[in-house]
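Written out below as structure tokens is the structure these notes cover.
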Amino acid sequence: MKKLTTLFAATALATLVAGSAWSKTFVYCSEGSPEGFDPGLYTAGTTFDAAAHTVYSRLLEFKKGTTETEPGLAESWTISDDGLEYTFKLRPGVKFQTTEFFTPTRELNADDVIFSLERQWKSDNAWHGYVTGGSWEYFAGMGLPELLESIEKVDDMTVKIKLKRKEAPFLANLAMPFASIMSKEYADKLQAEGKMNQLNQMPLGTGPFAFVAYQQDAVIRYKAHPDYWGGKQKIDDLVFSITTDAAVRFQKLQAGECHLMPYPNAADVEAMKADPNLKVMEQAGLNVAYLAYNTTQAPFDKVEVRKALNKAINKQAIVDAVFQGQATPATNPIPPTMWSYDDTVADDTYEPEVAKKMLEDAGVKDLSMKVWAMPVARPYMLNARRAAELMQADFAKVGVKVEIVSYEWAEYLEKSKAKDRDGAVILGWTGDNGDPDNFLDTLLGCDAVGGNNRAQWCNKEFDDLVTKAKEASDVAERTKLYQQAQAVFKKEAPWATLDHSLSIVPMRKNVEGFVQSPLGDFAFDGVDIVE
Amino acid sequence: MFRFLLGRLAVLIPTFVGVSIIAFSFIRLLPGDPVALLSGERVMSPERHAEISHQLGFDRPIVVQYLDYLWGVLQGDFGTSIVTKKPVIDQFLELFPATVELSLCAIIFAVVVGIPAGVIAAIKRGSILDQMIMGTALVGFSMPIFWWGLLLIIVVSGMLQWTPVSGRISLMFFFPSVTGFMLIDSLLSGQEGAFQSAFSHLILPTIVLGTIPLAVIARQTRSAMLEVLSEDYVRTARAKGLPTFRVVGIHALRNAMIPVVTTIGLQIGVMLAGAILTETIFSWPGIGKWMVDSVFRRDYAVIQGGLLIIAAVIMLVNLAVDLLYGLINPRIRH
Amino acid sequence: MTEVTATSPISTDPTRRARLAEFWYYFSENRGAVIGLFFFLFLVLLAICAPLVAPHDPTVQFREAVLLPPFWQEGGRLEFLLGTDAVGRDMLSRLIYGTRFSLFVGVIVTTLSLSGGILVGVIAGYFRGWVDTFIMRIMDIILAFPSLLLALVLVAVLGPGLTNAMIAIALVFQPHFVRLTRAAVMTEKTRDYVVAAKVAGAGHLRLMFRTILPNCMAPLIVQATLSFSSAILDAAALGFLGMGAQPPTPEWGTMLAEAREFILRAWWVVTLPGLAILVTVLAINLMGDGLRDALDPKLKRS
């Protein structure tokens, strides 16, 4: 019976789509299938593009093209003097999407906000474990369970969130995909019908596009939400055509089978720029790739040795061979697009002769080391194996023998955390919320040793600076502290900073209004096709 | 016939249990921790790790896990994907028609081209034509199909722009999935151009997947024909002055078909193996690509459930082929 | 155990030479087979002499010569006859060294699966009973999976790499050899010469491996050549899926996988490794056809 009704619904839809032959359809050749449609459960950008940035909106949003926040579903907010109480005023008259599977009867209110956050927080919430094996990765990853004191409804349109301690990046966290606001009314209905799983398969929210259908590993369809609080979109239909192979995506783009694609092969970028039907946008990505030495082990516990090795790496060659030039060599552990980036810091220049001398002076002879190469391509490092081979050749020139090792990805992540790990690890990071804390403290803080801090590097001076910056609420003051931290980092050289990759977005010439996000999101509100 | 069927089933059941043990234990042996993988570069605290392992049931004794799994399988529950959190069997059912459609087209292509080619080669034995056909067949038989697919994409889709690059149908068409077969659904939808679109998307994958079976069938048909043609009754028929066409068409071909049908049956397993590569190259949303993706995503539950379902399907198909063989060839009826 | 001379047609020699001559006669009848054989010998030679023949070290990166086309195309250099890859390694040298890996894979996989298959198959066919049932059920289980899928998962379990890929492929090829051997042993077992040897007091081992086995070799040899070429294809496929030999190993399938991102820009990095695989496999299959014709008495007459 259930099958029959969905079938009927789909048929009704089909007529609808066929009927509107002149509708504007925007096709996005996405790079993979979404894991699901509840953004709270997942961590992959692919999933966020398909669920969070289409169907949902959040209390705060990132201003398009920046890492700064602006009001979203919360029209305004106030922060108490002690920095512990946040009071959010909700935007009035926000309508949920009406779809084939659900017709909302009310507008957004405080219940929806509380539901959306509490289900991730409280284990006694009926929705906390509604998906078998599901877990609230980001909510936990951003430390919210330990940070939150309470979430209260002040009135229908006001929500008050209390924190246990001061935390400057909190507001930015609320603009992240996991904090998407769901419809409690829809959730209640699903719960009553015993179809809770559907929340993760047929999403419904207040975002610019309403979900229509998902055909596994092939196509996701959306239509514009006519009552979107930010105004109806110029395109009528949005289609994600899932195409995992980058070369195939490019071919489809060329053939006009899609309008825009993410993550092109670095090798194809030249051809894309030359194609008269295409245009290419590029921007420094919010990421960094690094080689983390194990600073607890000899001889890498010596600053001079780490510095010498840094000077032996020809970063430009890596950028050229791995990214075909579509990246910039990295100096600091945070990318240049991020606020507080210190451009007065000087990078270790490539001088193999000097490096050799420095190693000799440090009393290091016949050094052989392991370099760990990731088995997968990530935006910040497209081909770690190739980069490792280049380093191997570079290090050979200064008399250091390199053995390249690699493990299966999960194993790699796990093993590289170990404090007694043998060798230097190639890894990287893509920013979550645009806050420098998300790089500096997360990756290099003392708390992260044995975890995200792959260099196992705990430096008191650095750690104090970063902790102070986290608690300060004044951006100017935080900037100063972070800049000092970057100087300490460079002096101590726990990593060889490798590159920040460019994020390159090729699209058809007739696409207008697409804005690249420094966070690496692909959001299509405001996009138009002009003929 | 019934006893034959029972006998086969008696063999199938222990095999299936064996298959389930293999599929289950493979997954436990896979390196890498699926729970840690959920958080990627972001590190998970040991407490959360333990909590999630518990949720997924990874902390129970292995035998308990197996029996629990087998019990679920018997009730049609093949587990839930770790990545998408969807039941494995649902995903399988959604993707399987795409693979079946592609495989059927490929086998039809292989039969329609392969049998006539083999027959012609046999009749014109030793001629240039025979050598050309058999030469081509051998090249096809030796083809690394993943490379063949890439070449076809470069030339036919890229340079000539004759066929679409990947997928099952143009995105302009959207209609409910009734049978799961895009060719049929596109006709049922009544939308203009839908069938043509679905058809043109099938051409290259069909050729790539059909290449090796085509070569095998052509070679097999030729040798079966040669054997039959040299038999006395055919020689007699020819000597009686019956036209070659009738001799070949009526007498020889029918008898030559028996080994050929077996060959076609055997190609179904080969086909599923080929589907892994073909679907990967053409982004064809079928079970081959699904399995490869799952191996790379370390989606334990899908690898385990998928292996088991696929093995079960192959076993059933083989059984069907055996039965069919018994029907057309009464001599081996048990 | 006492030494008893069992008369088996092959090991008692006067006919051996004649048989070989006869074999060569039929084999050389098939022109394709001879071409295949010579090409194969050429590849073997190339593999052995790779360091002498290859113009460059296959892993050395010429950073100023990245993605150069073959010499006849504009921009190509004579120094790199078939161009260079994405990190400036010489394609020709990599292809030449690749011969080593492919032939190596063929030899190892065939040896492993042939010897394992014979051992298990002879035991199953000779003893029958529960041993046979048990062995054949296991073979059924292996056969129930599509071979490449099973190999893929096996390699995922063992860890990606050429050695593990070879082990996995050898394992999935096993049932074919076991079934062939078992069937042959079962038919031979009832023949008079075996019964005679048994009566004469030959032990199990002798009966199995000295008396029966040599007479079952023909189909096994044909299957072995087939495995040789399939092993090369499957190893390349695994390499292509990223589960076989790992870069920078110049294995053809792995080279193809690495080259995929250049599919539209540099045809030579995609086309050449695939062509190398095709030609090698073709040569072996041509040989295999010749072998089958020469060994299969039924087709000899016609």
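Going through the structure tokens in order, the chains are called A, B, and so on, while each chain numbers its residues from 1 and the ligands are numbered from 1 in the order shown.
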Report task. Write down as a VMD selection string the residues belonging to stretch 32-252 of chain B that are assigned helix (DSSP H, G or I) by DSSP computed on the backbone. Result -> chain B and resid 34 to 37 46 to 56 62 to 74 88 to 123 128 to 141 145 to 159 182 to 189 194 to 229 232 to 239 244 to 252
Would you kindly return, as a compact mmCIF listing (two decimals) with N, CA and C atoms, in the first residue's frame, each protein, DNA or RNA residue with an atom no farther than 7 Å from any atom of B:Ala122, considering only C-alpha atoms and excluding same-chain residues fewer than 5 positions away?
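Dumped to around25.txt:
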```
# COMPACT_ATOMS: atom_id res chain seq x y z
N ARG B 222 31.46 -21.44 -33.33
CA ARG B 222 32.22 -21.95 -34.46
C ARG B 222 32.65 -23.38 -34.23
N MET B 225 29.71 -25.76 -34.26
CA MET B 225 29.22 -25.93 -35.62
C MET B 225 30.13 -26.86 -36.41
N LEU B 226 31.44 -26.65 -36.25
CA LEU B 226 32.38 -27.48 -37.00
C LEU B 226 32.17 -28.94 -36.65
```
Find the residues of stretch 118-220 of chain B that sit at most 9 Å from stretch 271-281 of chain B; for each, write down the nearest two atoms and how far apart they are in Å, to one decimal. Count only C-alpha atoms. Sort by chain, then by number going up, and give it as a tab-separated table.
```
residue	atom	partner	partner_atom	distance
B:Ile145	CA	B:Leu277	CA	7.4
B:Phe146	CA	B:Leu277	CA	5.9
B:Gly149	CA	B:Ile281	CA	6.7
B:Leu150	CA	B:Ile281	CA	7.1
B:Ser166	CA	B:Ile281	CA	8.4
B:Pro205	CA	B:Thr278	CA	6.3
B:Thr206	CA	B:Thr278	CA	8.8
B:Val208	CA	B:Thr278	CA	6.8
B:Leu209	CA	B:Gly274	CA	6.1
B:Gly210	CA	B:Met271	CA	8.1
B:Ile212	CA	B:Met271	CA	8.8
B:Pro213	CA	B:Met271	CA	7.8
```
Residues near stretch 48-55 of chain C, anyone? I mean within 8 Å using only C-alpha atoms, not counting same-chain ones fewer than 6 positions away, as an mmCIF file with C-alpha atoms, in the first residue's frame.
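Output (out36.cif):
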```cif
data_model
loop_
_atom_site.group_PDB
_atom_site.id
_atom_site.type_symbol
_atom_site.label_atom_id
_atom_site.label_comp_id
_atom_site.auth_asym_id
_atom_site.auth_seq_id
_atom_site.Cartn_x
_atom_site.Cartn_y
_atom_site.Cartn_z
ATOM 1 C CA LEU C 92 58.690 3.686 -22.759
ATOM 2 C CA SER C 93 60.860 2.666 -19.823
ATOM 3 C CA ILE C 96 59.216 -2.059 -20.635
ATOM 4 C CA TYR C 97 59.515 -2.584 -16.903
ATOM 5 C CA ARG C 100 58.261 -7.777 -15.868
#
```
Closest atom pairs, residues of chain A within 7 Å of chain B, only C-alpha atoms, as a tab-separated table:
```
residue	atom	partner	partner_atom	distance
A:Leu7	CA	B:Pro176	CA	6.7
A:Ala10	CA	B:Pro176	CA	5.6
A:Thr11	CA	B:Pro176	CA	6.0
A:Ala14	CA	B:Phe175	CA	5.2
A:Glu35	CA	B:Thr84	CA	4.5
A:Gly36	CA	B:Thr84	CA	5.5
A:Thr43	CA	B:Ser39	CA	6.7
A:Val131	CA	B:Lys85	CA	6.6
A:Thr132	CA	B:Lys85	CA	6.5
A:Gly133	CA	B:Leu56	CA	5.3
A:Glu137	CA	B:Ser39	CA	6.4
A:Asp217	CA	B:Pro285	CA	5.6
A:Ala218	CA	B:Pro285	CA	6.0
A:Thr243	CA	B:Ser283	CA	6.4
A:Thr244	CA	B:Ser283	CA	6.9
A:Val248	CA	B:Val165	CA	6.6
A:Gln251	CA	B:Val165	CA	6.8
A:Lys252	CA	B:Val165	CA	6.6
A:Glu408	CA	B:Gly32	CA	6.6
A:Ala410	CA	B:Gly32	CA	4.9
A:Glu411	CA	B:Gly32	CA	4.4
A:Leu413	CA	B:Glu41	CA	6.7
A:Gly451	CA	B:Val43	CA	6.0
A:Asn452	CA	B:Val43	CA	6.0
```
How about saving the chosen residues, C-alpha atoms kept, as a PDB file, in the first residue's frame?
```
ATOM      1  CA  LEU A   7       4.018   5.602  -6.851  1.00  0.00           C
ATOM      2  CA  ALA A  10       5.628  10.227  -8.171  1.00  0.00           C
ATOM      3  CA  THR A  11       3.275   9.979 -11.134  1.00  0.00           C
ATOM      4  CA  ALA A  14       6.001  13.466 -13.278  1.00  0.00           C
ATOM      5  CA  GLU A  35      25.229   9.596   2.812  1.00  0.00           C
ATOM      6  CA  GLY A  36      21.760  10.669   3.850  1.00  0.00           C
ATOM      7  CA  THR A  43      30.545  14.964   8.186  1.00  0.00           C
ATOM      8  CA  VAL A 131      18.935   5.917  12.779  1.00  0.00           C
ATOM      9  CA  THR A 132      20.641   2.599  13.503  1.00  0.00           C
ATOM     10  CA  GLY A 133      24.315   3.248  14.016  1.00  0.00           C
ATOM     11  CA  GLU A 137      29.453  13.516  14.649  1.00  0.00           C
ATOM     12  CA  ASP A 217      23.769   6.938  -6.798  1.00  0.00           C
ATOM     13  CA  ALA A 218      22.251   8.689  -9.793  1.00  0.00           C
ATOM     14  CA  THR A 243      29.083  11.674 -11.325  1.00  0.00           C
ATOM     15  CA  THR A 244      31.987  10.328  -9.338  1.00  0.00           C
ATOM     16  CA  VAL A 248      33.419  12.298 -16.841  1.00  0.00           C
ATOM     17  CA  GLN A 251      32.835  15.752 -20.389  1.00  0.00           C
ATOM     18  CA  LYS A 252      29.278  16.268 -19.218  1.00  0.00           C
ATOM     19  CA  GLU A 408      44.161   1.906   4.426  1.00  0.00           C
ATOM     20  CA  ALA A 410      40.813   4.480   8.555  1.00  0.00           C
ATOM     21  CA  GLU A 411      43.912   2.670   9.709  1.00  0.00           C
ATOM     22  CA  LEU A 413      44.053   8.040  10.561  1.00  0.00           C
ATOM     23  CA  GLY A 451      44.646  12.877  18.587  1.00  0.00           C
ATOM     24  CA  ASN A 452      44.422  15.546  15.928  1.00  0.00           C
TER      25      ASN A 452
END
```
**Report entry** All residues 8 Å or closer to C:Leu278, only C-alpha atoms, same chain fewer than 3 positions away omitted, as a list in words
**Finding:** Val139, Ser142, Met143 and Pro144 of chain B; Gly274, Leu275, Val281 and Leu282 of chain C
